[in-house]
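Okay, so here's the structure we're looking at.
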Amino acid sequence: MDRSSQPRSRRVIPVVAAAATAALLVAGCSSGSGGKKADETGTDISAGKASTPRMTVAMITHAAPGDTFWDIVRKGAQAAAAKDNIKLVYSSDPNAGNQANLVQNAIDQKVDGIATTLAKPDALKSVVAKAGQAGIPVVGFNSGVSDWKKLGLLEFFGQDETVAGEAFGKKLNEVGAKHTVCVVQEQGNIGLTQRCDGLKKTFSGKTDILYVNGTDMPSVKSTLTAKLQQDSSIDFVATLAAPIALTAEQSVSESGSKAKLATFDLNKDAVGAIQSGKIQWAVDQQPFLQGYLSVDALWLYKNNGNYSGGGEQAVLTGPAIVDKTNVDKVAAYAAKGTR
């Protein structure tokens, strides 16, 4: 990571986007009438809808099949699209080369805007440049806070993964952990690497890195179970995604380990596990907000020339710690699939 860029990227400025959105809504939206109306996600869109011309936005992620984190991102994107009179075209592929092809497909279809993740930025550098040459604005979200400006993207919405990792490491110190294993479910994903690196930087104890295949949960469970059986000194397991955490819970139980468990990211089941004490905490980056702001930002740019931070600073959506002290407040939103 380019540490010299940290002070700029850490500044939190989501209020700018929210204020701009509100201003345009007053000028360009018409109120719904005749009761509640919901889109295919169940989101209430009766409050208002833009009267601006129909536009098409492609959202392209590195989501692996079955990862519920991306369901929340997509709900946020769909809520913004419903409000903004946008046709949203969503696609994903965990293979970086295939993801680049999906971006190229969007360019070929002459969409009005592209929102993409940058888990492996080098693989997307060339095709993102082609989008710019075609006059298509591109915003980044979720992964790539240290690379979005280098690739010439308009804006970025997400969290600084190194900062999130540092917050996790400090939390480990607070609870007296001595030996943690950081479970990486996708080797080569820069954001996951930064999380573990940040954790190691601030955690005063010993940190092991364990690579698993996040697309094969039985393999994840057996690999982590073996690790815990081999080393009884591990007293904390740090996972980098909620579905991995829920599988890790089984590994801790089956291995006979006394290790506690915490994770990055949330889903409904992880919230329940925090409430029951099976997961100690989660570092939340608010994926619904990432999806919503990414789509809404492209609408704002097309219709009013707005872009947050003057194109210089990322809009940070996290990190925030969700634990037993505040999980009940989050649970109601998680039940709706938005946290």
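All residue names refer to the structure tokens as shown: chains lettered A, B, ... in order, residues numbered from 1 in each chain, ligands numbered from 1 in order.
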Report task. Determine, counting only C-alpha atoms, which protein, DNA and RNA residues have an atom within 10 Å of an atom of region 135-139 of chain A; residues of the same chain fewer than 6 positions away are not included. Present the result as a ChimeraX atom specification. Result -> /A:57-59,106-107,110-117,128-129,148,151-157,293-295,297-298,301-302,307
For the residues in that selection, give me C-alpha atoms as a tab-separated table (two decimals), in the first residue's frame.
chain	number	residue	atom	x	y	z
A	57	VAL	CA	-25.27	1.55	-14.86
A	58	ALA	CA	-23.20	-1.63	-14.81
A	59	MET	CA	-22.06	-2.87	-11.39
A	106	ALA	CA	-20.26	-3.11	-20.22
A	107	ILE	CA	-18.14	-0.81	-22.39
A	110	LYS	CA	-22.26	1.60	-24.07
A	111	VAL	CA	-23.58	1.90	-20.54
A	112	ASP	CA	-23.80	5.35	-18.94
A	113	GLY	CA	-21.61	4.46	-15.98
A	114	ILE	CA	-19.66	1.63	-14.37
A	115	ALA	CA	-19.18	0.81	-10.68
A	116	THR	CA	-16.53	-1.82	-10.05
A	117	THR	CA	-14.46	-3.37	-7.29
A	128	VAL	CA	-10.75	0.72	-16.89
A	129	ALA	CA	-8.60	2.93	-19.11
A	148	TRP	CA	-8.52	3.91	-7.49
A	151	LEU	CA	-6.42	3.86	-12.32
A	152	GLY	CA	-8.14	7.16	-13.01
A	153	LEU	CA	-11.50	6.39	-11.41
A	154	LEU	CA	-13.91	9.22	-10.60
A	155	GLU	CA	-14.60	8.30	-6.96
A	156	PHE	CA	-14.23	5.51	-4.42
A	157	PHE	CA	-16.64	4.25	-1.74
A	293	LEU	CA	-23.49	5.49	-3.02
A	294	SER	CA	-21.71	3.96	-6.02
A	295	VAL	CA	-24.86	4.00	-8.14
A	297	ALA	CA	-22.81	8.97	-7.46
A	298	LEU	CA	-22.95	8.09	-11.15
A	301	TYR	CA	-22.30	13.05	-11.95
A	302	LYS	CA	-24.38	12.60	-15.09
A	307	TYR	CA	-18.36	14.04	-7.52
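Residues in contact with Leu228 (chain A) at up to 8 Å, not including ones fewer than 3 positions away on its chain and judged by only C-alpha atoms, are Leu224, Thr225, Asp231, Ser232, Ile234, Ser251, Val252, Ser255 and Ser257 of chain A.
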Can you list every residue of region 212-317 of chain A that has an atom at most 9 Å from region 182-194 of chain A, with its nearest atom pair and the distance in Å to one decimal, using only C-alpha atoms, ordered by chain then number, as a tab-separated table?
residue	atom	partner	partner_atom	distance
A:Val212	CA	A:Gln185	CA	4.9
A:Asn213	CA	A:Gln185	CA	5.4
A:Gly214	CA	A:Gln185	CA	4.4
A:Thr215	CA	A:Gln185	CA	8.0
A:Val220	CA	A:Gln185	CA	8.1
A:Leu224	CA	A:Val183	CA	8.2
A:Phe236	CA	A:Cys182	CA	8.8
A:Val237	CA	A:Cys182	CA	6.4
A:Ala238	CA	A:Cys182	CA	4.8
A:Thr239	CA	A:Val183	CA	5.0
A:Leu240	CA	A:Val184	CA	6.5
A:Ala241	CA	A:Gln185	CA	8.2
A:Ile244	CA	A:Gln185	CA	7.7
So that each row is one residue of region 145-225 of chain A with an atom at most 9 Å from region 280-289 of chain A, can you give its shortest atom pair and the distance in Å to one decimal, using only C-alpha atoms, rows by chain and rising number, as JSON lines?
{"residue": "A:Phe157", "atom": "CA", "partner": "A:Leu289", "partner_atom": "CA", "distance": 8.5}
{"residue": "A:Gly158", "atom": "CA", "partner": "A:Gln285", "partner_atom": "CA", "distance": 6.9}
{"residue": "A:Gln159", "atom": "CA", "partner": "A:Gln285", "partner_atom": "CA", "distance": 6.3}
{"residue": "A:Ala164", "atom": "CA", "partner": "A:Val283", "partner_atom": "CA", "distance": 7.1}
{"residue": "A:Gly165", "atom": "CA", "partner": "A:Val283", "partner_atom": "CA", "distance": 8.8}
{"residue": "A:Ala167", "atom": "CA", "partner": "A:Val283", "partner_atom": "CA", "distance": 8.3}
{"residue": "A:Phe168", "atom": "CA", "partner": "A:Val283", "partner_atom": "CA", "distance": 7.2}
Take the residues from that selection and write them out as a CSV table (one decimal), in the first residue's frame, keeping C-alpha atoms.
chain,number,residue,atom,x,y,z
A,157,PHE,CA,-16.6,4.3,-1.7
A,158,GLY,CA,-15.4,1.8,0.9
A,159,GLN,CA,-13.0,1.4,3.8
A,164,ALA,CA,-9.7,-1.7,9.5
A,165,GLY,CA,-7.1,-4.3,10.2
A,167,ALA,CA,-8.7,-1.5,14.5
A,168,PHE,CA,-9.1,-5.3,14.7
Query raised in the report: DSSP on the backbone: what in region 103-267 of chain A comes out strand (DSSP E), as a PyMOL selection string?
Result: chain A and resi 113-116+138-142+156-158+179-184+206-211+236-239+260-264
Report task. Assign secondary structure with DSSP using the backbone only, and return the residues of region 172-238 of chain A in alpha helix (DSSP H) as a VMD selection string. Result -> chain A and resid 172 to 174 190 to 202 217 to 230
**Report entry** Atomic distance CA of Lys150 (chain A) - CA of Gln290 (chain A), expressed in Å with one decimal
**Finding:**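 So the two atoms, CA of Lys150 (chain A) and CA of Gln290 (chain A), lie 20.2 Å apart.
What separates CA of Lys87 (chain A) from CA of Met55 (chain A) is a distance of 6.2 Å.
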Query raised in the report: Taking into account only C-alpha atoms, which residue in the set A:Val163, A:Ala242, A:Gln313, A:Lys227 is nearest to Lys201 (chain A)?
Result: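 When distances to Lys201 (chain A) are compared using only C-alpha atoms, the smallest one comes from A:Val163.
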Report task. Find the residues around Ala100 (chain A) up to 12 Å (only C-alpha atoms counted), leave out those fewer than 6 positions away in its own chain, and share them as a PyMOL selection string. Result -> chain A and resi 60-62+91-94+106-107+116-131
Report summary line: From CA of Arg339 (chain A) to CA of Lys324 (chain A) the spacing works out at 15.7 Å
Query - Selected residue of minimal separation from Ala270 (chain A) among A:Gln229, A:Ser143, A:Phe69, A:Asn306, counting only C-alpha atoms - result: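 Smallest separation from Ala270 (chain A) among the options: A:Phe69.
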